[in-house]
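As stored in start.csv (CSV, C-alpha atoms and all ligand atoms):
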chain,number,residue,atom,x,y,z
A,936,MET,CA,-21.3,-11.8,-22.1
A,937,ASN,CA,-20.3,-8.2,-22.8
A,938,LEU,CA,-17.0,-7.0,-21.5
A,939,LEU,CA,-18.3,-4.9,-18.6
A,940,ASP,CA,-20.4,-7.9,-17.3
A,941,GLU,CA,-17.4,-10.1,-17.6
A,942,VAL,CA,-15.2,-7.6,-15.7
A,943,ASN,CA,-17.9,-7.2,-13.0
A,944,LYS,CA,-18.0,-11.0,-12.7
A,945,VAL,CA,-14.3,-11.9,-12.6
A,946,GLY,CA,-12.8,-8.6,-11.5
A,947,TYR,CA,-10.5,-8.0,-14.6
A,948,VAL,CA,-10.4,-8.3,-18.3
A,949,SER,CA,-9.5,-11.9,-18.9
A,950,ARG,CA,-9.0,-11.8,-22.7
A,951,SER,CA,-5.6,-13.1,-23.8
A,952,VAL,CA,-3.2,-10.5,-25.2
A,953,PRO,CA,-1.5,-11.0,-28.5
A,954,PHE,CA,1.9,-9.9,-27.3
A,955,LYS,CA,4.6,-11.7,-25.2
A,956,GLY,CA,7.7,-10.6,-23.3
A,957,THR,CA,9.4,-7.4,-24.3
A,958,ASP,CA,6.6,-6.8,-26.9
A,959,LEU,CA,4.0,-6.7,-24.2
A,960,LYS,CA,6.1,-4.1,-22.3
A,961,GLU,CA,6.5,-2.1,-25.5
A,962,GLU,CA,2.8,-2.2,-26.2
A,963,ILE,CA,2.1,-1.0,-22.6
A,964,LEU,CA,4.4,1.9,-23.1
A,965,LYS,CA,2.8,2.7,-26.5
A,966,LEU,CA,-0.7,2.7,-24.9
A,967,LYS,CA,0.6,5.0,-22.2
A,968,LYS,CA,1.6,7.6,-24.7
A,969,GLU,CA,-1.5,7.2,-26.9
A,970,LYS,CA,-3.9,7.6,-24.0
A,971,ASN,CA,-1.8,10.1,-22.0
A,972,ALA,CA,-1.8,7.7,-19.1
A,973,VAL,CA,0.4,7.6,-16.0
A,974,ILE,CA,1.3,4.3,-14.4
A,975,LEU,CA,1.7,4.5,-10.6
A,976,ALA,CA,3.0,1.4,-8.8
A,977,HIS,CA,3.7,0.4,-5.2
A,978,TYR,CA,7.0,-1.3,-4.2
A,979,TYR,CA,5.2,-4.6,-3.5
A,980,VAL,CA,4.1,-5.3,-7.1
A,981,ASP,CA,6.3,-7.5,-9.3
A,982,ALA,CA,9.6,-6.1,-10.4
A,983,GLU,CA,8.7,-6.0,-14.1
A,984,ILE,CA,5.8,-3.7,-13.3
A,985,GLN,CA,7.9,-1.6,-11.0
A,986,ASP,CA,10.3,-1.1,-13.9
A,987,LEU,CA,7.6,0.1,-16.3
A,988,ALA,CA,6.0,2.5,-13.9
A,989,ASP,CA,6.2,6.3,-14.2
A,990,PHE,CA,6.2,6.6,-10.5
A,991,LEU,CA,7.1,4.1,-7.8
A,992,GLY,CA,6.6,4.9,-4.2
A,993,ASP,CA,5.1,4.3,-0.7
A,994,SER,CA,1.4,5.0,-0.1
A,995,LEU,CA,2.0,8.7,0.8
A,996,ALA,CA,4.2,9.4,-2.2
A,997,LEU,CA,1.7,7.6,-4.5
A,998,ALA,CA,-1.2,9.7,-3.1
A,999,GLN,CA,0.9,12.8,-3.6
A,1000,ALA,CA,1.7,11.8,-7.2
A,1001,ALA,CA,-2.0,11.0,-7.9
A,1002,GLU,CA,-2.9,14.5,-6.6
A,1003,LYS,CA,-0.4,16.2,-8.9
A,1004,THR,CA,-0.7,14.3,-12.2
A,1005,ASP,CA,-2.0,15.9,-15.3
A,1006,ALA,CA,-2.5,12.6,-17.2
A,1007,ASP,CA,-6.0,11.8,-18.5
A,1008,MET,CA,-5.9,8.2,-17.2
A,1009,ILE,CA,-4.3,6.9,-13.9
A,1010,VAL,CA,-3.4,3.3,-14.0
A,1011,PHE,CA,-2.8,2.1,-10.5
A,1012,CYS,CA,-0.7,-1.0,-10.0
A,1013,GLY,CA,-1.1,-1.7,-6.3
A,1014,VAL,CA,-4.3,-2.6,-4.5
A,1015,HIS,CA,-7.9,-1.4,-4.6
A,1016,PHE,CA,-7.8,1.2,-1.9
A,1017,MET,CA,-4.9,2.9,-3.6
A,1018,GLY,CA,-6.9,3.2,-6.9
A,1019,GLU,CA,-9.8,4.5,-4.8
A,1020,THR,CA,-7.6,7.1,-3.2
A,1021,ALA,CA,-6.4,8.3,-6.6
A,1022,LYS,CA,-10.1,8.5,-7.8
A,1023,ILE,CA,-11.1,10.5,-4.6
A,1024,LEU,CA,-8.4,13.0,-5.5
A,1025,ASN,CA,-9.2,13.0,-9.2
A,1026,PRO,CA,-13.0,12.7,-9.8
A,1027,ASN,CA,-12.7,13.9,-13.4
A,1028,LYS,CA,-10.0,11.5,-14.4
A,1029,LYS,CA,-10.3,7.8,-15.4
A,1030,VAL,CA,-8.7,5.6,-12.8
A,1031,VAL,CA,-8.2,1.9,-13.7
A,1032,ILE,CA,-6.5,-1.0,-11.9
A,1033,PRO,CA,-5.4,-4.3,-13.4
A,1034,ASP,CA,-7.5,-6.4,-11.1
A,1035,PHE,CA,-10.4,-5.5,-8.8
A,1036,ASN,CA,-9.7,-8.6,-6.7
A,1037,ALA,CA,-6.5,-6.9,-5.4
A,1038,GLY,CA,-7.9,-6.0,-2.0
A,1039,CYS,CA,-6.2,-5.6,1.4
A,1040,SER,CA,-6.8,-7.5,4.6
A,1041,LEU,CA,-6.6,-4.2,6.5
A,1042,ALA,CA,-9.3,-2.6,4.4
A,1043,ASP,CA,-11.4,-5.8,4.6
A,1044,SER,CA,-11.2,-5.8,8.4
A,1045,ALA,CA,-13.2,-2.6,8.7
A,1046,PRO,CA,-16.7,-3.0,7.0
A,1047,LYS,CA,-18.5,0.3,6.9
A,1048,GLU,CA,-21.5,-0.6,9.2
A,1049,GLU,CA,-19.3,-2.1,11.9
A,1050,PHE,CA,-16.9,0.8,11.7
A,1051,ALA,CA,-19.8,3.3,12.0
A,1052,ALA,CA,-21.1,1.4,15.1
A,1053,PHE,CA,-17.6,1.5,16.6
A,1054,LYS,CA,-17.2,5.2,15.9
A,1055,ALA,CA,-20.6,5.9,17.5
A,1056,GLN,CA,-19.4,4.6,20.9
A,1057,TYR,CA,-16.9,7.5,21.0
A,1058,PRO,CA,-18.7,10.6,19.7
A,1059,GLU,CA,-16.0,13.0,21.0
A,1060,ALA,CA,-13.1,11.1,19.4
A,1061,VAL,CA,-11.0,12.3,16.5
A,1062,VAL,CA,-10.9,9.5,13.9
A,1063,VAL,CA,-7.5,8.8,12.3
A,1064,SER,CA,-7.6,6.1,9.7
A,1065,TYR,CA,-4.6,4.4,8.0
A,1066,ILE,CA,-4.9,4.9,4.2
A,1067,ASN,CA,-5.3,1.1,3.9
A,1068,CYS,CA,-9.1,1.4,4.3
A,1069,THR,CA,-12.1,1.7,2.0
A,1070,ALA,CA,-13.5,5.0,0.7
A,1071,ASP,CA,-16.5,4.4,3.0
A,1072,VAL,CA,-14.2,4.3,6.1
A,1073,LYS,CA,-12.3,7.3,4.8
A,1074,ALA,CA,-15.6,9.2,4.6
A,1075,MET,CA,-16.1,8.5,8.4
A,1076,THR,CA,-12.6,9.7,9.2
A,1077,ASP,CA,-11.2,13.1,10.3
A,1078,ILE,CA,-7.7,12.6,9.1
A,1079,ILE,CA,-6.0,9.9,7.1
A,1080,CYS,CA,-2.4,8.8,7.8
A,1081,THR,CA,0.1,6.5,6.1
A,1082,SER,CA,3.0,4.6,7.7
A,1083,SER,CA,5.3,7.5,6.9
A,1084,ASN,CA,3.3,10.2,8.6
A,1085,ALA,CA,1.2,8.4,11.3
A,1086,LEU,CA,3.3,9.9,14.1
A,1087,LYS,CA,3.0,13.4,12.7
A,1088,VAL,CA,-0.7,13.1,12.2
A,1089,VAL,CA,-1.4,11.8,15.7
A,1090,GLU,CA,0.9,14.5,17.2
A,1091,SER,CA,-1.1,17.2,15.3
A,1092,ILE,CA,-4.2,16.4,17.4
A,1093,PRO,CA,-4.6,18.3,20.6
A,1094,ALA,CA,-3.6,16.3,23.7
A,1095,ASP,CA,-7.0,16.5,25.4
A,1096,LYS,CA,-8.7,14.8,22.5
A,1097,GLN,CA,-9.6,11.1,22.4
A,1098,ILE,CA,-8.4,9.4,19.2
A,1099,ILE,CA,-9.7,6.4,17.3
A,1100,PHE,CA,-7.0,4.8,15.3
A,1101,ALA,CA,-8.1,2.3,12.5
A,1102,PRO,CA,-7.8,-0.2,11.0
A,1103,ASP,CA,-4.2,-1.4,11.8
A,1104,ALA,CA,-3.8,-2.3,15.5
A,1105,ASN,CA,-0.1,-3.0,15.1
A,1106,LEU,CA,0.6,0.3,13.6
A,1107,GLY,CA,-1.7,1.9,16.2
A,1108,ARG,CA,0.2,0.2,19.1
A,1109,TYR,CA,3.5,1.4,17.6
A,1110,VAL,CA,2.2,5.0,17.2
A,1111,ALA,CA,0.7,5.0,20.8
A,1112,LYS,CA,4.1,3.9,22.2
A,1113,LYS,CA,6.0,6.5,20.2
A,1114,THR,CA,3.7,9.4,20.9
A,1115,GLY,CA,2.6,8.5,24.4
A,1116,ARG,CA,-1.0,8.9,23.3
A,1117,ASP,CA,-3.8,6.6,24.4
A,1118,LEU,CA,-5.4,5.4,21.2
A,1119,ILE,CA,-8.7,3.6,20.8
A,1120,LEU,CA,-7.7,0.8,18.4
A,1121,TRP,CA,-9.7,-1.0,15.7
A,1122,ASP,CA,-8.5,-4.6,15.7
A,1123,GLY,CA,-7.3,-5.1,12.1
A,1124,ALA,CA,-4.0,-6.5,10.8
A,1125,CYS,CA,-2.0,-7.0,7.6
A,1126,ILE,CA,-2.0,-10.7,6.8
A,1127,VAL,CA,1.5,-10.4,5.3
A,1128,HIS,CA,3.3,-8.5,8.0
A,1129,ILE,CA,1.8,-10.5,11.0
A,1130,ASP,CA,3.0,-13.7,9.3
A,1131,ILE,CA,6.7,-12.9,9.8
A,1132,SER,CA,8.0,-15.7,12.0
A,1133,LEU,CA,9.7,-14.7,15.3
A,1134,GLU,CA,11.3,-18.1,15.7
A,1135,LYS,CA,12.8,-18.1,12.2
A,1136,LEU,CA,13.8,-14.5,12.5
A,1137,LYS,CA,15.8,-15.3,15.7
A,1138,LYS,CA,17.7,-17.9,13.7
A,1139,VAL,CA,18.4,-15.5,10.8
A,1140,LYS,CA,19.7,-13.0,13.3
A,1141,GLU,CA,22.0,-15.6,14.8
A,1142,GLU,CA,23.3,-16.5,11.4
A,1143,ASN,CA,23.8,-12.8,10.5
A,1144,PRO,CA,25.1,-11.2,13.7
A,1145,ASN,CA,26.2,-8.0,11.9
A,1146,ALA,CA,22.9,-7.4,10.1
A,1147,LEU,CA,20.5,-4.6,11.2
A,1148,LEU,CA,16.8,-5.6,11.5
A,1149,ILE,CA,14.6,-3.0,9.7
A,1150,ALA,CA,10.8,-3.4,9.9
A,1151,HIS,CA,7.6,-2.0,8.6
A,1152,PRO,CA,5.2,-0.8,11.4
A,1153,GLU,CA,2.5,-3.2,10.3
A,1154,CYS,CA,4.6,-6.0,11.9
A,1155,LYS,CA,3.7,-7.3,15.3
A,1156,GLU,CA,5.1,-5.6,18.4
A,1157,VAL,CA,7.4,-8.6,19.1
A,1158,ILE,CA,9.2,-7.9,15.8
A,1159,LEU,CA,9.1,-4.1,16.1
A,1160,SER,CA,10.6,-4.2,19.6
A,1161,GLN,CA,13.7,-5.9,18.2
A,1162,ALA,CA,14.0,-3.7,15.1
A,1163,ASP,CA,16.9,-1.3,14.7
A,1164,PHE,CA,14.8,0.9,12.5
A,1165,VAL,CA,11.0,1.1,11.8
A,1166,GLY,CA,9.6,2.9,8.8
A,1167,SER,CA,7.4,3.0,5.7
A,1168,THR,CA,8.6,1.2,2.5
A,1169,THR,CA,10.4,4.4,1.3
A,1170,ALA,CA,11.9,5.0,4.7
A,1171,LEU,CA,13.3,1.4,4.8
A,1172,LEU,CA,14.7,1.9,1.3
A,1173,ASN,CA,16.4,5.2,2.3
A,1174,PHE,CA,17.7,3.7,5.5
A,1175,VAL,CA,19.5,0.9,3.7
A,1176,LYS,CA,21.0,3.5,1.2
A,1177,ASP,CA,22.1,5.9,3.9
A,1178,SER,CA,23.3,3.5,6.5
A,1179,ASP,CA,27.0,2.7,7.0
A,1180,CYS,CA,26.0,-0.9,7.8
A,1181,HIS,CA,26.3,-3.5,5.0
A,1182,GLU,CA,23.8,-6.1,6.0
A,1183,PHE,CA,20.1,-5.8,6.7
A,1184,ILE,CA,17.2,-8.2,7.5
A,1185,VAL,CA,14.1,-6.6,6.0
A,1186,ALA,CA,10.8,-7.3,7.7
A,1187,THR,CA,8.2,-6.3,5.1
A,1188,GLU,CA,6.8,-7.5,1.8
A,1189,ALA,CA,9.4,-9.0,-0.5
A,1190,GLY,CA,8.6,-6.7,-3.5
A,1191,ILE,CA,10.7,-4.0,-1.8
A,1192,LEU,CA,13.8,-6.1,-2.2
A,1193,HIS,CA,13.9,-5.3,-6.0
A,1194,LYS,CA,14.6,-1.6,-5.6
A,1195,MET,CA,16.7,-2.2,-2.5
A,1196,LYS,CA,19.1,-4.6,-4.2
A,1197,GLU,CA,19.2,-2.3,-7.2
A,1198,SER,CA,20.1,0.8,-5.1
A,1199,VAL,CA,22.7,-0.9,-2.9
A,1200,PRO,CA,24.1,-3.8,-5.0
A,1201,ASN,CA,27.1,-4.3,-2.7
A,1202,LYS,CA,25.1,-4.6,0.5
A,1203,LYS,CA,23.6,-7.9,1.8
A,1204,ILE,CA,19.8,-7.8,1.9
A,1205,ILE,CA,18.1,-10.7,3.7
A,1206,PRO,CA,14.3,-11.0,3.7
A,1207,ALA,CA,12.7,-11.7,7.1
A,1208,PRO,CA,11.3,-15.2,7.0
A,1209,ALA,CA,7.6,-15.9,7.0
A,1210,ASN,CA,5.7,-18.8,8.7
A,1211,GLU,CA,5.6,-22.2,7.0
A,1212,LYS,CA,2.1,-21.7,5.5
A,1213,ASN,CA,3.5,-19.1,3.2
A,1214,THR,CA,4.8,-21.0,0.2
A,1215,CYS,CA,7.9,-18.7,-0.4
A,1216,ALA,CA,10.6,-18.3,2.2
A,1217,CYS,CA,9.8,-14.5,2.4
A,1218,SER,CA,6.6,-12.5,2.8
A,1219,GLU,CA,4.5,-11.9,-0.3
A,1220,CYS,CA,1.2,-10.0,-0.5
A,1221,PRO,CA,-1.2,-12.2,-2.5
A,1222,TYR,CA,-3.2,-9.0,-3.5
A,1223,MET,CA,-0.3,-7.0,-4.8
A,1224,LYS,CA,0.8,-10.1,-6.8
A,1225,MET,CA,-2.5,-10.1,-8.7
A,1226,ASN,CA,-1.1,-7.3,-10.8
A,1227,THR,CA,0.4,-8.9,-13.9
A,1228,LEU,CA,1.6,-7.4,-17.2
A,1229,GLU,CA,-1.3,-9.0,-19.1
A,1230,LYS,CA,-3.9,-7.5,-16.8
A,1231,LEU,CA,-2.1,-4.2,-16.9
A,1232,TYR,CA,-2.1,-4.1,-20.7
A,1233,ASN,CA,-5.8,-5.1,-20.8
A,1234,ALA,CA,-6.7,-2.5,-18.1
A,1235,MET,CA,-5.1,0.2,-20.3
A,1236,PHE,CA,-6.4,-1.0,-23.6
A,1237,TYR,CA,-10.1,-1.6,-22.5
A,1238,GLU,CA,-9.9,1.1,-19.7
A,1239,LEU,CA,-11.4,-1.4,-17.3
A,1240,PRO,CA,-11.8,-2.2,-14.5
A,1241,GLU,CA,-12.5,1.4,-13.7
A,1242,ILE,CA,-12.8,2.7,-10.1
A,1243,GLN,CA,-15.9,4.7,-9.2
A,1244,VAL,CA,-16.6,6.5,-5.9
A,1245,ALA,CA,-20.0,7.9,-5.2
A,1246,GLU,CA,-19.9,11.7,-4.7
A,1247,ASP,CA,-21.5,11.6,-1.2
A,1248,ILE,CA,-18.6,9.3,-0.1
A,1249,ARG,CA,-15.9,11.0,-2.1
A,1250,GLU,CA,-16.4,14.5,-0.6
A,1251,PRO,CA,-15.9,13.6,3.1
A,1252,ALA,CA,-13.2,11.1,2.1
A,1253,LEU,CA,-11.4,13.9,0.2
A,1254,LYS,CA,-11.6,16.1,3.2
A,1255,ALA,CA,-9.8,13.5,5.4
A,1256,LEU,CA,-7.2,12.9,2.7
A,1257,LYS,CA,-6.6,16.6,2.2
A,1258,ALA,CA,-6.1,17.0,5.9
A,1259,MET,CA,-3.3,14.5,5.7
A,1260,LEU,CA,-1.7,15.9,2.5
A,1261,ASP,CA,-1.7,19.4,3.9
A,1262,ILE,CA,0.3,18.4,6.9
A,1263,SER,CA,2.7,16.2,4.8
A,1264,LYS,CA,3.9,18.9,2.4
B,1301,LIG,P1,3.8,2.0,2.7
B,1301,LIG,O1,4.3,1.8,1.3
B,1301,LIG,O2,3.1,3.3,2.8
B,1301,LIG,O3,4.8,1.8,3.7
B,1301,LIG,O4,2.6,0.9,2.9
B,1301,LIG,C1,2.9,-0.5,3.0
B,1301,LIG,C2,1.7,-1.2,2.6
B,1301,LIG,O5,1.4,-2.2,3.2
B,1301,LIG,C3,0.9,-0.9,1.5
B,1301,LIG,O6,-0.2,-1.7,1.4
B,1302,LIG,FE1,-2.8,-4.9,2.6
B,1302,LIG,FE2,-0.8,-6.0,3.8
B,1302,LIG,FE3,-1.1,-6.4,1.2
B,1302,LIG,FE4,-0.3,-4.0,2.2
B,1302,LIG,S1,0.9,-5.9,2.3
B,1302,LIG,S2,-1.9,-4.4,0.6
B,1302,LIG,S3,-1.4,-3.9,4.1
B,1302,LIG,S4,-2.5,-7.1,2.9
Any chance you could give the structure as structure tokens?
Ligand code: 13P
Ligand code: SF4
Amino acid sequence: MNLLDEVNKVGYVSRSVPFKGTDLKEEILKLKKEKNAVILAHYYVDAEIQDLADFLGDSLALAQAAEKTDADMIVFCGVHFMGETAKILNPNKKVVIPDFNAGCSLADSAPKEEFAAFKAQYPEAVVVSYINCTADVKAMTDIICTSSNALKVVESIPADKQIIFAPDANLGRYVAKKTGRDLILWDGACIVHIDISLEKLKKVKEENPNALLIAHPECKEVILSQADFVGSTTALLNFVKDSDCHEFIVATEAGILHKMKESVPNKKIIPAPANEKNTCACSECPYMKMNTLEKLYNAMFYELPEIQVAEDIREPALKALKAMLDISK
């Protein structure tokens, strides 16, 4: 089987790499130089990949970094829609991701045909889509948002306009509450954030009465209503750094704890507990965790799997992304 067929079948280059440990990291950095590549990573990937990245950030900052880069190859360590976003912004650059299987439950919740039928029911509505969606859905969108600018994006739309908000219903309910706007919601959810256990959280709060609860807006309303602060991954990180408080219960994916603990080593950081079915005590995104150093090396070496976006989808998707980037400067 040739390499491309193999990648199309399994979703990544599965050849074993001849390096281990620090050698593997060094080889990745060497490849980065040789190929003028930039490694962009989200806070939810494993710490060793976060540490190798040229740029680490939340979804908005990563899209902004992808827009600005002058590298020849973008290597996106996150999930598929993030790589796709980078490709929409950079049609002439090569964009590779370590594993095509790294999807997202939110993006999966909105298949293009179903979303088109939903949108057709509200022909007058402005469509706001969370960046966690496919390029096909972005192409049917007027303006994209992320967790860090969703309030601003919705507030930018004239008050007399109907608004469809997709695909995250929890973020949508949060934005509706904060802005007072009546949003037409698509019923999608993040499997990681909705798995945070209220029962267990109550216990953790009792055991840590001085801790502030900080939460990502993809969490359920019952969690958000108890939170002392709600924000994107970067906003949570900044809150912990800037706050006078010394203890925090963090309701988001556990990958963020790496940078949090590094930036505030003397503060107590407690991950919000997930339900029993999650094997670890905290919340882990199975898609983000598909990024490994081996797959990263192979993606850079073989320049596969490569993200492609058809031009008839890319153009309208770019318009929706640009609309967001313009109001987020
Ligand atoms: P942010 O980093 O933009 O807060 O997004 C969180 C997330 O779930 C990414 O998939
Ligand atoms: Fe998608 Fe949730 Fe994973 Fe983020 S944490 S990539 S929203 S499944």
Give me, as number ranges by chain, the set of residues whose atoms come within 7 Å of any atom of ligand LIG 1301 (chain B), counting all atoms listed in the file. A: 977-978, 992-995, 1067, 1081-1083, 1151, 1167-1169
Name the residues within 12 Å of (16.9, -13.5, 4.1), counting all atoms listed in the file in the file's coordinates, and put them as JSON, numbers by chain. {"A": [1131, 1135, 1136, 1137, 1138, 1139, 1140, 1142, 1143, 1146, 1147, 1148, 1182, 1183, 1184, 1185, 1186, 1187, 1188, 1189, 1192, 1203, 1204, 1205, 1206, 1207, 1208, 1209, 1215, 1216, 1217, 1218]}
Protein and nucleic residues near ligand LIG 1302 (chain B), 7 Å, only C-alpha atoms and all ligand atoms, as a ChimeraX atom specification: /A:1014,1038-1041,1067,1125-1128,1188,1220-1223
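Summary of the local environment: counting all atoms listed in the file, residues at most 8 Å from A:Ala998, other than itself and those fewer than 5 positions away along its chain, are Met1017, Thr1020 and Ala1021 of chain A.
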Name the closest residue to A:Lys1028 among the candidates A:Pro1144, A:Ser1178, A:Ala982, A:Glu1238; distances are taken between atoms, counting only C-alpha atoms.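 Counting only C-alpha atoms, the residue closest to A:Lys1028 is A:Glu1238.
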Å distance separating atom CA of A:Lys1176 from atom CA of A:Ser1198, one decimal place: 6.9 Å
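Here atom CA of A:Gln1161 stands at a distance of 21.4 Å from atom CA of A:Asn1084.
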Within 9 Å of A:Tyr1232, counting all atoms listed in the file, which residues show up once you throw out same-chain ones fewer than 4 positions away? Write them as number ranges by chain, please. A: 952, 959-960, 962-963, 966, 1033, 1227-1228, 1236-1237
At what distance in Å, to one decimal, does atom CA of A:Gln985 lie from atom CA of A:Val973? 12.9 Å
Taking only residues of stretch 1113-1193 of chain A that have an atom at most 12 Å from an atom of stretch 1054-1065 of chain A, what is each one's shortest atom pair and its distance in Å to one decimal, using all atoms listed in the file, in chain and number order, as a Markdown table?
| residue | atom | partner | partner_atom | distance |
| --- | --- | --- | --- | --- |
| A:Asp1117 | CA | A:Ala1060 | CA | 11.5 |
| A:Leu1118 | CA | A:Ala1060 | CA | 9.7 |
| A:Ile1119 | CA | A:Ala1060 | CA | 8.8 |
| A:Leu1120 | CA | A:Val1063 | CA | 10.1 |
| A:Trp1121 | CA | A:Ser1064 | CA | 9.5 |
| A:Gly1123 | CA | A:Tyr1065 | CA | 10.7 |
| A:Ala1124 | CA | A:Tyr1065 | CA | 11.3 |
| A:Cys1125 | CA | A:Tyr1065 | CA | 11.7 |
| A:Pro1152 | CA | A:Tyr1065 | CA | 11.6 |
| A:Glu1153 | CA | A:Tyr1065 | CA | 10.7 |
For A:Ala1111, which residue out of A:Val1089, A:Ile1262, A:Leu939, A:Ala1094 is the nearest one, using all atoms listed in the file? A:Val1089
